[in-house]
>>> print(open('upload_36.cif').read())   # mmCIF, C-alpha atoms and all ligand atoms
data_upload
loop_
_atom_site.label_atom_id
_atom_site.label_comp_id
_atom_site.auth_asym_id
_atom_site.auth_seq_id
_atom_site.Cartn_x
_atom_site.Cartn_y
_atom_site.Cartn_z
CA MET A 25 -48.19 130.56 25.69
CA HIS A 26 -47.33 126.97 25.15
CA ILE A 27 -43.66 126.25 24.88
CA PRO A 28 -42.68 122.68 24.14
CA ALA A 29 -40.03 121.24 26.37
CA SER A 30 -36.68 120.16 25.03
CA SER A 31 -36.35 116.99 23.02
CA LEU A 32 -35.67 114.73 25.96
CA SER A 33 -38.67 115.95 27.89
CA ASP A 34 -40.53 112.67 27.73
CA GLN A 35 -37.62 110.83 29.20
CA HIS A 36 -37.32 113.52 31.81
CA ILE A 37 -40.95 113.26 32.85
CA GLN A 38 -40.67 109.50 33.31
CA ARG A 39 -37.63 109.91 35.45
CA LYS A 40 -39.36 112.58 37.44
CA ASN A 41 -41.89 110.09 38.83
CA LYS A 42 -39.22 107.66 39.88
CA PHE A 43 -37.15 110.34 41.49
CA ARG A 44 -39.85 112.40 43.16
CA PHE A 45 -38.50 111.60 46.59
CA GLY A 46 -35.00 112.30 45.32
CA PHE A 47 -36.15 115.67 44.02
CA VAL A 48 -37.52 116.73 47.36
CA PHE A 49 -34.37 115.51 49.07
CA LEU A 50 -32.09 117.22 46.57
CA PHE A 51 -34.12 120.40 46.79
CA ILE A 52 -33.58 120.53 50.54
CA VAL A 53 -29.91 119.72 50.09
CA SER A 54 -29.61 122.35 47.37
CA VAL A 55 -31.23 125.05 49.51
CA GLY A 56 -28.96 124.10 52.39
CA LEU A 57 -25.95 124.10 50.11
CA ASN A 58 -26.75 127.57 48.81
CA ILE A 59 -27.06 128.92 52.34
CA PHE A 60 -23.78 127.21 53.13
CA LEU A 61 -22.12 128.68 50.03
CA LEU A 62 -23.42 132.13 50.83
CA PHE A 63 -22.09 131.84 54.32
CA PHE A 64 -18.80 130.45 53.09
CA ASP A 65 -18.39 133.22 50.51
CA GLN A 66 -18.73 135.82 53.23
CA GLN A 67 -16.23 133.97 55.40
CA ASN A 68 -13.88 133.57 52.48
CA ASN A 69 -14.07 137.23 51.51
CA ALA A 70 -13.53 138.24 55.11
CA ALA A 71 -10.50 135.94 55.29
CA VAL A 72 -9.08 137.34 52.06
CA ALA A 73 -9.55 140.88 53.28
CA SER A 74 -7.91 140.31 56.65
CA LEU A 75 -4.86 138.33 55.55
CA PRO A 76 -1.62 139.71 54.18
CA GLN A 77 -1.17 138.95 50.48
CA ASP A 78 1.73 136.51 50.76
CA THR A 79 0.53 134.06 53.39
CA GLY A 80 -0.64 131.53 50.83
CA ILE A 81 -3.70 130.85 52.93
CA VAL A 82 -6.02 132.38 50.40
CA SER A 83 -5.33 129.64 47.87
CA GLN A 84 -5.80 126.95 50.51
CA ILE A 85 -9.17 128.38 51.32
CA SER A 86 -10.30 128.30 47.72
CA VAL A 87 -9.30 124.65 47.28
CA LYS A 88 -10.65 122.97 50.39
CA PRO A 89 -12.93 125.27 52.31
CA SER A 90 -14.14 122.71 54.80
CA GLU A 91 -10.66 121.97 56.14
CA VAL A 92 -9.72 125.57 56.68
CA LEU A 93 -12.90 127.06 57.97
CA GLU A 94 -14.96 125.59 60.72
CA VAL A 95 -18.35 126.05 59.16
CA PRO A 96 -21.17 124.27 60.97
CA GLN A 97 -22.60 121.71 58.57
CA PRO A 98 -25.83 119.78 58.67
CA ALA A 99 -25.01 116.09 58.28
CA THR A 100 -26.78 115.74 54.92
CA ILE A 101 -24.67 118.36 53.13
CA LYS A 102 -21.42 117.41 51.53
CA PRO A 103 -19.01 120.32 51.35
CA VAL A 104 -18.41 121.59 47.83
CA SER A 105 -14.79 121.30 46.86
CA PHE A 106 -14.11 123.70 44.08
CA THR A 107 -11.62 122.13 41.71
CA VAL A 108 -8.81 124.45 40.78
CA PRO A 109 -8.98 125.33 37.07
CA SER A 110 -6.56 123.32 35.04
CA GLY A 111 -6.02 124.66 31.56
CA ARG A 112 -3.57 122.56 29.63
CA ALA A 113 -2.26 122.79 26.12
CA LEU A 114 -2.18 119.75 23.87
CA GLU A 115 0.26 119.98 20.97
CA SER A 116 -1.05 123.34 19.91
CA GLU A 117 -1.80 126.10 22.36
CA ALA A 118 -5.37 126.07 21.12
CA ILE A 119 -6.54 122.91 22.91
CA HIS A 120 -7.44 123.19 26.56
CA SER A 121 -9.07 121.15 29.23
CA LEU A 122 -11.06 122.23 32.24
CA ASN A 123 -12.50 120.25 35.09
CA PHE A 124 -14.79 121.79 37.62
CA LYS A 125 -17.84 121.39 39.79
CA ILE A 126 -21.01 123.33 39.19
CA ARG A 127 -21.58 126.10 41.63
CA ASN A 128 -24.70 128.28 41.33
CA SER A 129 -24.90 127.99 37.53
CA LEU A 130 -22.94 126.84 34.52
CA ASN A 131 -22.17 130.38 33.39
CA PHE A 132 -21.19 131.51 36.89
CA THR A 133 -18.84 128.55 37.32
CA VAL A 134 -17.17 128.83 33.91
CA CYS A 135 -16.68 132.56 34.39
CA ARG A 136 -14.85 131.91 37.64
CA MET A 137 -12.23 129.99 35.69
CA ILE A 138 -11.80 131.78 32.44
CA THR A 139 -12.41 135.49 32.15
CA ARG A 140 -15.16 137.32 30.29
CA GLU A 141 -12.52 138.70 27.93
CA ASN A 142 -11.56 135.12 27.13
CA GLY A 143 -15.17 134.32 26.30
CA CYS A 144 -16.45 132.45 29.35
CA ALA A 145 -20.06 133.28 28.41
CA ALA A 146 -19.59 131.88 24.91
CA LEU A 147 -17.94 128.72 26.24
CA SER A 148 -20.72 128.10 28.74
CA ALA A 149 -23.27 128.68 25.95
CA HIS A 150 -21.50 126.02 23.87
CA LEU A 151 -21.57 123.62 26.82
CA GLY A 152 -25.22 124.41 27.48
CA ARG A 153 -26.33 123.74 23.92
CA LEU A 154 -24.65 120.34 23.97
CA MET A 155 -26.15 119.47 27.34
CA VAL A 156 -29.74 120.09 26.21
CA TRP A 157 -29.53 116.65 24.61
CA PHE A 158 -28.84 115.09 28.03
CA MET A 159 -31.14 116.96 30.35
CA ASP A 160 -33.28 119.97 31.08
CA ILE A 161 -30.49 122.13 32.44
CA LYS A 162 -32.73 124.46 34.43
CA LYS A 163 -34.36 121.59 36.29
CA SER A 164 -31.65 118.97 36.51
CA MET A 165 -28.33 120.71 37.10
CA ARG A 166 -27.10 120.52 40.69
CA ASN A 167 -24.38 122.21 42.69
CA GLY A 168 -21.50 119.79 42.85
CA ASP A 169 -22.18 118.08 39.50
CA SER A 170 -18.78 117.70 37.87
CA ILE A 171 -17.74 118.56 34.35
CA ASP A 172 -14.68 117.63 32.32
CA VAL A 173 -14.32 119.47 29.06
CA VAL A 174 -11.71 119.49 26.32
CA TYR A 175 -12.12 122.35 23.92
CA GLN A 176 -10.39 124.06 21.08
CA GLN A 177 -10.09 127.79 20.87
CA LEU A 178 -10.75 128.92 17.33
CA GLU A 179 -10.11 132.34 15.82
CA GLY A 180 -11.25 135.07 18.21
CA PRO A 181 -11.82 134.76 21.95
CA GLU A 182 -15.54 133.99 21.57
CA GLN A 183 -15.09 130.99 19.32
CA PHE A 184 -14.82 127.52 20.75
CA LYS A 185 -15.24 123.97 19.64
CA ILE A 186 -16.02 121.44 22.35
CA LEU A 187 -14.08 118.23 21.65
CA LYS A 188 -15.10 116.28 24.72
CA LEU A 189 -17.68 116.82 27.41
CA SER A 190 -18.17 114.59 30.39
CA TYR A 191 -20.93 115.56 32.81
CA LYS A 192 -21.44 113.69 36.07
CA SER A 193 -25.01 114.24 37.19
CA GLN A 194 -25.97 113.61 40.81
CA LEU A 195 -29.68 113.69 39.98
CA PHE A 196 -29.45 110.99 37.32
CA GLY A 197 -26.64 109.11 39.06
CA LYS A 198 -24.68 108.80 35.83
CA THR A 199 -22.04 110.43 33.68
CA PHE A 200 -23.03 111.76 30.27
CA GLU A 201 -20.29 111.83 27.66
CA ALA A 202 -19.95 113.48 24.27
CA TYR A 203 -17.03 113.31 21.84
CA TYR A 204 -16.81 115.34 18.67
CA PHE A 205 -16.07 113.33 15.53
CA ASP A 206 -16.35 114.28 11.88
CA GLU A 207 -14.28 111.75 9.91
CA PHE A 208 -17.30 110.31 8.07
CA ASP A 209 -20.58 111.32 6.42
CA HIS A 210 -18.87 113.97 4.26
CA GLY A 211 -17.55 115.80 7.29
CA ASN A 212 -21.02 116.29 8.82
CA GLY A 213 -19.60 116.15 12.31
CA GLY A 214 -21.42 115.39 15.49
CA TYR A 215 -21.17 114.41 19.13
CA PHE A 216 -21.17 110.75 20.07
CA ASP A 217 -21.07 108.80 23.31
CA SER A 218 -18.08 106.55 24.00
CA GLU A 219 -19.83 103.68 22.20
CA GLY A 220 -20.28 105.73 19.03
CA LYS A 221 -23.97 106.57 19.29
CA GLU A 222 -24.87 110.12 18.35
CA ILE A 223 -26.02 112.46 21.11
CA ALA A 224 -28.12 114.88 19.06
CA GLN A 225 -31.03 113.78 16.93
CA ARG A 226 -31.37 114.48 13.22
CA ILE A 227 -34.46 114.85 11.05
CA VAL A 228 -34.63 112.21 8.29
CA GLU A 229 -33.16 113.63 5.11
CA ALA A 230 -36.38 113.57 3.04
CA GLN A 231 -38.09 115.82 5.61
CA SER A 232 -35.19 117.93 6.80
CA PRO A 233 -35.10 121.65 6.07
CA ILE A 234 -31.32 121.31 5.85
CA ARG A 235 -29.18 118.24 5.12
CA HIS A 236 -25.68 119.57 5.74
CA TYR A 237 -25.06 121.56 8.89
CA ILE A 238 -22.37 121.98 11.50
CA GLU A 239 -24.54 121.64 14.59
CA ILE A 240 -27.86 122.55 16.13
CA THR A 241 -27.22 125.58 18.28
CA SER A 242 -30.65 126.22 19.75
CA LEU A 243 -33.94 124.39 20.28
CA PRO A 244 -37.44 125.82 20.81
CA GLY A 245 -37.94 127.09 24.34
CA ASP A 246 -34.25 127.89 24.78
CA PHE A 247 -34.44 130.65 27.37
CA ARG A 248 -30.97 131.89 26.67
CA LYS A 249 -32.63 133.57 23.68
CA GLY A 250 -34.69 135.90 25.86
CA VAL A 251 -38.21 136.41 27.15
CA GLY A 252 -40.59 133.59 26.23
CA GLY A 253 -37.77 131.44 24.92
CA HIS A 254 -36.53 130.79 21.42
CA SER A 255 -39.26 129.93 18.92
CA GLY A 256 -37.28 127.86 16.44
CA THR A 257 -34.47 125.44 15.90
CA ASP A 258 -31.17 126.95 14.78
CA PHE A 259 -28.92 124.97 12.44
CA LYS A 260 -25.42 126.40 12.17
CA ALA A 261 -24.45 126.08 8.49
CA LYS A 262 -22.27 127.64 5.82
CA VAL A 263 -23.84 130.41 3.76
CA GLY A 264 -25.29 128.93 0.56
CA THR A 265 -26.37 125.56 2.00
CA PRO A 266 -29.55 124.31 0.24
CA ILE A 267 -32.77 124.69 2.25
CA TYR A 268 -35.76 122.43 1.59
CA SER A 269 -39.40 122.26 2.56
CA GLY A 270 -39.92 119.02 4.45
CA PHE A 271 -43.60 118.89 3.51
CA ALA A 272 -45.90 119.79 0.61
CA GLY A 273 -47.55 123.18 0.94
CA LYS A 274 -47.97 126.69 -0.41
CA VAL A 275 -45.74 129.74 0.06
CA THR A 276 -47.72 132.31 2.06
CA ARG A 277 -45.01 134.90 2.71
CA ALA A 278 -41.54 135.70 1.48
CA ASN A 279 -39.20 138.43 2.72
CA TRP A 280 -41.34 140.15 5.37
CA ASN A 281 -39.71 142.07 8.22
CA VAL A 282 -36.35 141.65 6.51
CA ARG A 283 -34.52 143.72 9.12
CA ALA A 284 -35.08 141.07 11.79
CA ASN A 285 -35.68 137.91 9.78
CA GLY A 286 -33.39 138.59 6.85
CA TYR A 287 -34.49 136.92 3.65
CA CYS A 288 -37.22 134.54 4.73
CA VAL A 289 -39.95 132.15 3.60
CA GLU A 290 -43.20 130.96 5.20
CA ILE A 291 -45.00 127.88 3.90
CA ASP A 292 -48.52 126.80 4.82
CA HIS A 293 -49.21 123.07 5.26
CA PRO A 294 -53.00 122.83 5.79
CA LYS A 295 -53.07 119.02 5.90
CA LEU A 296 -50.64 118.99 8.83
CA GLY A 297 -52.18 122.01 10.55
CA ILE A 298 -48.86 123.88 10.56
CA LYS A 299 -46.84 126.63 8.95
CA THR A 300 -43.08 126.37 8.59
CA LEU A 301 -40.73 129.37 8.62
CA TYR A 302 -37.18 129.67 7.32
CA LEU A 303 -35.18 132.74 8.36
CA HIS A 304 -31.77 134.43 7.76
CA LEU A 305 -31.47 133.07 4.20
CA SER A 306 -29.00 134.30 1.60
CA ARG A 307 -31.25 133.50 -1.34
CA VAL A 308 -34.97 132.80 -1.77
CA LYS A 309 -35.93 130.55 -4.68
CA VAL A 310 -39.73 130.61 -4.40
CA LYS A 311 -42.52 133.20 -4.70
CA ARG A 312 -45.65 133.92 -2.69
CA GLY A 313 -48.55 131.70 -3.81
CA GLN A 314 -46.25 129.03 -5.24
CA THR A 315 -47.12 125.38 -4.58
CA ILE A 316 -44.27 123.40 -3.02
CA GLN A 317 -43.60 119.66 -3.12
CA ALA A 318 -42.22 117.78 -0.12
CA GLY A 319 -38.42 117.84 -0.33
CA GLN A 320 -38.30 120.72 -2.82
CA GLN A 321 -35.44 123.20 -2.47
CA ILE A 322 -36.81 126.63 -1.56
CA ALA A 323 -33.74 128.70 -0.62
CA GLU A 324 -30.10 128.87 0.42
CA SER A 325 -29.05 129.47 4.01
CA GLY A 326 -27.36 132.70 5.00
CA ASN A 327 -26.59 135.26 7.64
CA THR A 328 -29.13 138.00 6.91
CA GLY A 329 -31.29 139.90 9.41
CA ARG A 330 -30.65 139.89 13.15
CA THR A 331 -28.00 137.20 13.45
CA PHE A 332 -24.30 137.14 14.22
CA ALA A 333 -23.34 133.80 12.72
CA PRO A 334 -24.55 132.00 9.58
CA HIS A 335 -27.45 129.71 10.47
CA LEU A 336 -30.93 128.60 9.49
CA HIS A 337 -33.75 129.39 11.90
CA TYR A 338 -36.43 126.75 11.25
CA GLU A 339 -39.75 127.20 12.96
CA ILE A 340 -42.89 125.05 13.03
CA GLN A 341 -46.02 126.96 14.07
CA ASN A 342 -49.58 125.82 14.62
CA ARG A 343 -51.35 127.42 11.62
CA LYS A 344 -54.29 128.61 13.76
CA ASN A 345 -52.18 129.87 16.64
CA ARG A 346 -48.71 130.99 15.67
CA LYS A 347 -47.65 131.18 19.31
CA THR A 348 -47.85 127.40 19.53
CA ILE A 349 -44.44 126.22 18.42
CA TYR A 350 -43.41 122.61 17.82
CA ASN A 351 -40.02 121.10 18.51
CA PRO A 352 -39.04 119.21 15.31
CA PHE A 353 -37.63 116.36 17.39
CA THR A 354 -40.88 115.69 19.19
CA PHE A 355 -43.27 116.88 16.45
CA LYS A 356 -45.32 113.88 15.30
CA HIS A 357 -44.91 114.50 11.57
CA HIS A 358 -41.12 114.77 11.64
CA LYS A 359 -39.23 111.50 11.77
CA SER A 360 -35.87 111.76 13.49
CA TYR A 361 -32.96 109.44 14.16
CA THR A 362 -29.42 109.36 15.52
CA ARG A 363 -26.34 108.17 13.66
CA ASN A 364 -23.87 105.53 14.76
CA ILE A 365 -20.17 105.64 13.90
CA PRO A 366 -19.87 103.27 10.91
CA PRO A 367 -17.72 100.14 11.50
CA GLN A 368 -14.93 101.29 9.17
CA HIS A 369 -14.46 104.47 11.24
CA TYR A 370 -14.96 102.92 14.66
CA GLN A 371 -11.26 102.35 15.37
CA SER A 372 -10.41 105.92 14.50
CA PHE A 373 -13.27 107.10 16.70
CA GLN A 374 -11.98 105.05 19.65
CA LYS A 375 -8.54 106.62 19.19
CA THR A 376 -10.14 110.04 19.34
CA VAL A 377 -11.98 109.09 22.54
CA LYS A 378 -8.69 107.94 24.11
CA LEU A 379 -6.85 111.05 23.00
CA TYR A 380 -9.39 113.48 24.45
CA SER A 381 -9.72 111.47 27.64
CA SER A 382 -5.95 111.50 28.09
CA VAL A 383 -5.95 115.30 27.94
CA ILE A 384 -8.28 115.36 30.92
CA LYS A 385 -6.32 112.76 32.87
CA GLU A 386 -3.00 114.51 32.41
CA SER A 387 -4.29 117.92 33.35
ZN ZN B 1 -33.35 131.11 15.73
#
>>> encode(input="upload_36.cif", output="structure tokens")
Amino acid sequence: MHIPASSLSDQHIQRKNKFRFGFVFLFIVSVGLNIFLLFFDQQNNAAVASLPQDTGIVSQISVKPSEVLEVPQPATIKPVSFTVPSGRALESEAIHSLNFKIRNSLNFTVCRMITRENGCAALSAHLGRLMVWFMDIKKSMRNGDSIDVVYQQLEGPEQFKILKLSYKSQLFGKTFEAYYFDEFDHGNGGYFDSEGKEIAQRIVEAQSPIRHYIEITSLPGDFRKGVGGHSGTDFKAKVGTPIYSGFAGKVTRANWNVRANGYCVEIDHPKLGIKTLYLHLSRVKVKRGQTIQAGQQIAESGNTGRTFAPHLHYEIQNRKNRKTIYNPFTFKHHKSYTRNIPPQHYQSFQKTVKLYSSVIKES
């Protein structure tokens, strides 16, 4: 089965050639580091078990392992210093910051700092979905990469909004930054780098299945969605948001397998060699056999079928082989773009950048 890579795959492949030697080197380092970590974990656990509770040595060990334990180290491996979690409230109790270094995986690391009950899995999923715009996480994340994050806890322990993410990548030798900002474009918020350029791509309005959405929460091939990866692009949006067909075509199916898909529409586009699917709708406005114009409204978004938050699942399939899925941001017939913060909002955006960065510095 062909699964398209994430939207930045082309960029990634180009880098890959340049960094082939670096890859091999980092792979060796990474293997060594894992062996070291495994060894250290055993040492650490042994130390914890053998020491009385009130010596204070346990916390020293968890901060700077290399100074406390004499672990033999190959010269090429830098010891991992695990930054102590630093949650800090800003004005309201609901805004927190964390800074940490990746160890084993994003989820593993986040769950070492905030508990499962407090939604560590959900927070790491939020971080992961933002990071897909920077890199292929599975291939490019390294032990010791450092992350600063400012986030807001919304209602319920599973609900988060990332306000700032700063990711220092050893592989790419740079720091990726994302700041949330929504004071323009009718509140259609997004993540921008410190210069005001949007991180995520958008499909041009005339071709977009949805024009107003909160964020893209999953791309095709997203393996967090299970075996084989996710087959569509998920747009988080309020129930009742208008859904359009980006291309001319004919409705081939409506409301099949409602239990899983919810209210749904499939449109055939023979000229483009594709079918498009729209799932979890609240209302379907077209019938099977109906001819559709490009840009015509076909439905309203919803939360029906197997879903736990309102969103549109938009899928582009090869019409001869439905297992071949296209990523809308690399699909040749979809034009995409990124926004820039407009000049009249730039000052306010810079203030936001400063504010979120100060949260991290103070913590
Ligand atoms: Zn989906």
>>> closest_residue(input="upload_36.cif", among="A:Lys309, A:Lys347, A:His337, A:Arg166", to="ligand ZN 1 (chain B)", atoms="all atoms listed in the file")
A:His337
>>> closest_residue(input="upload_36.cif", among="A:Ile340, A:Leu303, A:Val275, A:Val308", to="ligand ZN 1 (chain B)", atoms="all atoms listed in the file")
A:Leu303
>>> residues_around(input="upload_36.cif", residues="Ile171 of chain A", least_positions_apart="2", cutoff="9 Å", atoms="all atoms listed in the file", output="JSON, numbers by chain")
{"A": [122, 123, 124, 125, 126, 169, 173, 189, 190, 191, 192, 193]}
>>> closest_atom_pairs(input="upload_36.cif", of="chain A", to="ligand ZN 1 (chain B)", cutoff="7 Å", atoms="only C-alpha atoms and all ligand atoms", output="tab-separated table")
residue	atom	partner	partner_atom	distance
A:Ser242	CA	B:ZN1	ZN	6.9
A:His254	CA	B:ZN1	ZN	6.5
A:Ser255	CA	B:ZN1	ZN	6.8
A:Gly256	CA	B:ZN1	ZN	5.1
A:Thr257	CA	B:ZN1	ZN	5.8
A:Asp258	CA	B:ZN1	ZN	4.8
A:His337	CA	B:ZN1	ZN	4.2
A:Tyr338	CA	B:ZN1	ZN	7.0
>>> atom_distance(input="upload_36.cif", atom1="atom CA of Lys262 of chain A", atom2="atom CA of Ile240 of chain A")
12.8 Å
>>> residues_around(input="upload_36.cif", residues="segment 225-228 of chain A", least_positions_apart="5", cutoff="12 Å", atoms="all atoms listed in the file", output="PDB file with C-alpha atoms, keeping the file's coordinate frame")
ATOM      1  CA  SER A  30     -36.680 120.160  25.030  1.00  0.00           C
ATOM      2  CA  SER A  31     -36.350 116.990  23.020  1.00  0.00           C
ATOM      3  CA  LEU A  32     -35.670 114.730  25.960  1.00  0.00           C
ATOM      4  CA  LEU A 154     -24.650 120.340  23.970  1.00  0.00           C
ATOM      5  CA  VAL A 156     -29.740 120.090  26.210  1.00  0.00           C
ATOM      6  CA  TRP A 157     -29.530 116.650  24.610  1.00  0.00           C
ATOM      7  CA  PHE A 158     -28.840 115.090  28.030  1.00  0.00           C
ATOM      8  CA  ASN A 212     -21.020 116.290   8.820  1.00  0.00           C
ATOM      9  CA  GLY A 213     -19.600 116.150  12.310  1.00  0.00           C
ATOM     10  CA  GLY A 214     -21.420 115.390  15.490  1.00  0.00           C
ATOM     11  CA  TYR A 215     -21.170 114.410  19.130  1.00  0.00           C
ATOM     12  CA  PHE A 216     -21.170 110.750  20.070  1.00  0.00           C
ATOM     13  CA  PRO A 233     -35.100 121.650   6.070  1.00  0.00           C
ATOM     14  CA  ILE A 234     -31.320 121.310   5.850  1.00  0.00           C
ATOM     15  CA  ARG A 235     -29.180 118.240   5.120  1.00  0.00           C
ATOM     16  CA  HIS A 236     -25.680 119.570   5.740  1.00  0.00           C
ATOM     17  CA  TYR A 237     -25.060 121.560   8.890  1.00  0.00           C
ATOM     18  CA  ILE A 238     -22.370 121.980  11.500  1.00  0.00           C
ATOM     19  CA  GLU A 239     -24.540 121.640  14.590  1.00  0.00           C
ATOM     20  CA  ILE A 240     -27.860 122.550  16.130  1.00  0.00           C
ATOM     21  CA  LEU A 243     -33.940 124.390  20.280  1.00  0.00           C
ATOM     22  CA  THR A 257     -34.470 125.440  15.900  1.00  0.00           C
ATOM     23  CA  PHE A 259     -28.920 124.970  12.440  1.00  0.00           C
ATOM     24  CA  GLY A 270     -39.920 119.020   4.450  1.00  0.00           C
ATOM     25  CA  GLY A 319     -38.420 117.840  -0.330  1.00  0.00           C
ATOM     26  CA  ASN A 351     -40.020 121.100  18.510  1.00  0.00           C
ATOM     27  CA  PRO A 352     -39.040 119.210  15.310  1.00  0.00           C
ATOM     28  CA  PHE A 353     -37.630 116.360  17.390  1.00  0.00           C
ATOM     29  CA  THR A 354     -40.880 115.690  19.190  1.00  0.00           C
ATOM     30  CA  PHE A 355     -43.270 116.880  16.450  1.00  0.00           C
ATOM     31  CA  LYS A 356     -45.320 113.880  15.300  1.00  0.00           C
ATOM     32  CA  HIS A 357     -44.910 114.500  11.570  1.00  0.00           C
ATOM     33  CA  HIS A 358     -41.120 114.770  11.640  1.00  0.00           C
ATOM     34  CA  LYS A 359     -39.230 111.500  11.770  1.00  0.00           C
ATOM     35  CA  SER A 360     -35.870 111.760  13.490  1.00  0.00           C
ATOM     36  CA  TYR A 361     -32.960 109.440  14.160  1.00  0.00           C
ATOM     37  CA  THR A 362     -29.420 109.360  15.520  1.00  0.00           C
ATOM     38  CA  ARG A 363     -26.340 108.170  13.660  1.00  0.00           C
ATOM     39  CA  ASN A 364     -23.870 105.530  14.760  1.00  0.00           C
TER      40      ASN A 364
END
>>> closest_residue(input="upload_36.cif", among="A:Tyr380, A:Ile322, A:Cys288, A:Arg127", to="Asp172 of chain A", atoms="only C-alpha atoms")
A:Tyr380
>>> atom_distance(input="upload_36.cif", atom1="atom CA of Tyr203 of chain A", atom2="atom CA of Gly253 of chain A")
27.7 Å
>>> closest_residue(input="upload_36.cif", among="A:Ile119, A:His150, A:Arg307, A:Met155", to="Tyr175 of chain A", atoms="only C-alpha atoms")
A:Ile119
>>> atom_distance(input="upload_36.cif", atom1="atom CA of Pro294 of chain A", atom2="atom CA of Asn345 of chain A")
13.0 Å
>>> residues_around(input="upload_36.cif", residues="Ile316 of chain A", least_positions_apart="6", cutoff="7 Å", atoms="only C-alpha atoms", output="PyMOL selection string")
chain A and resi 272-274
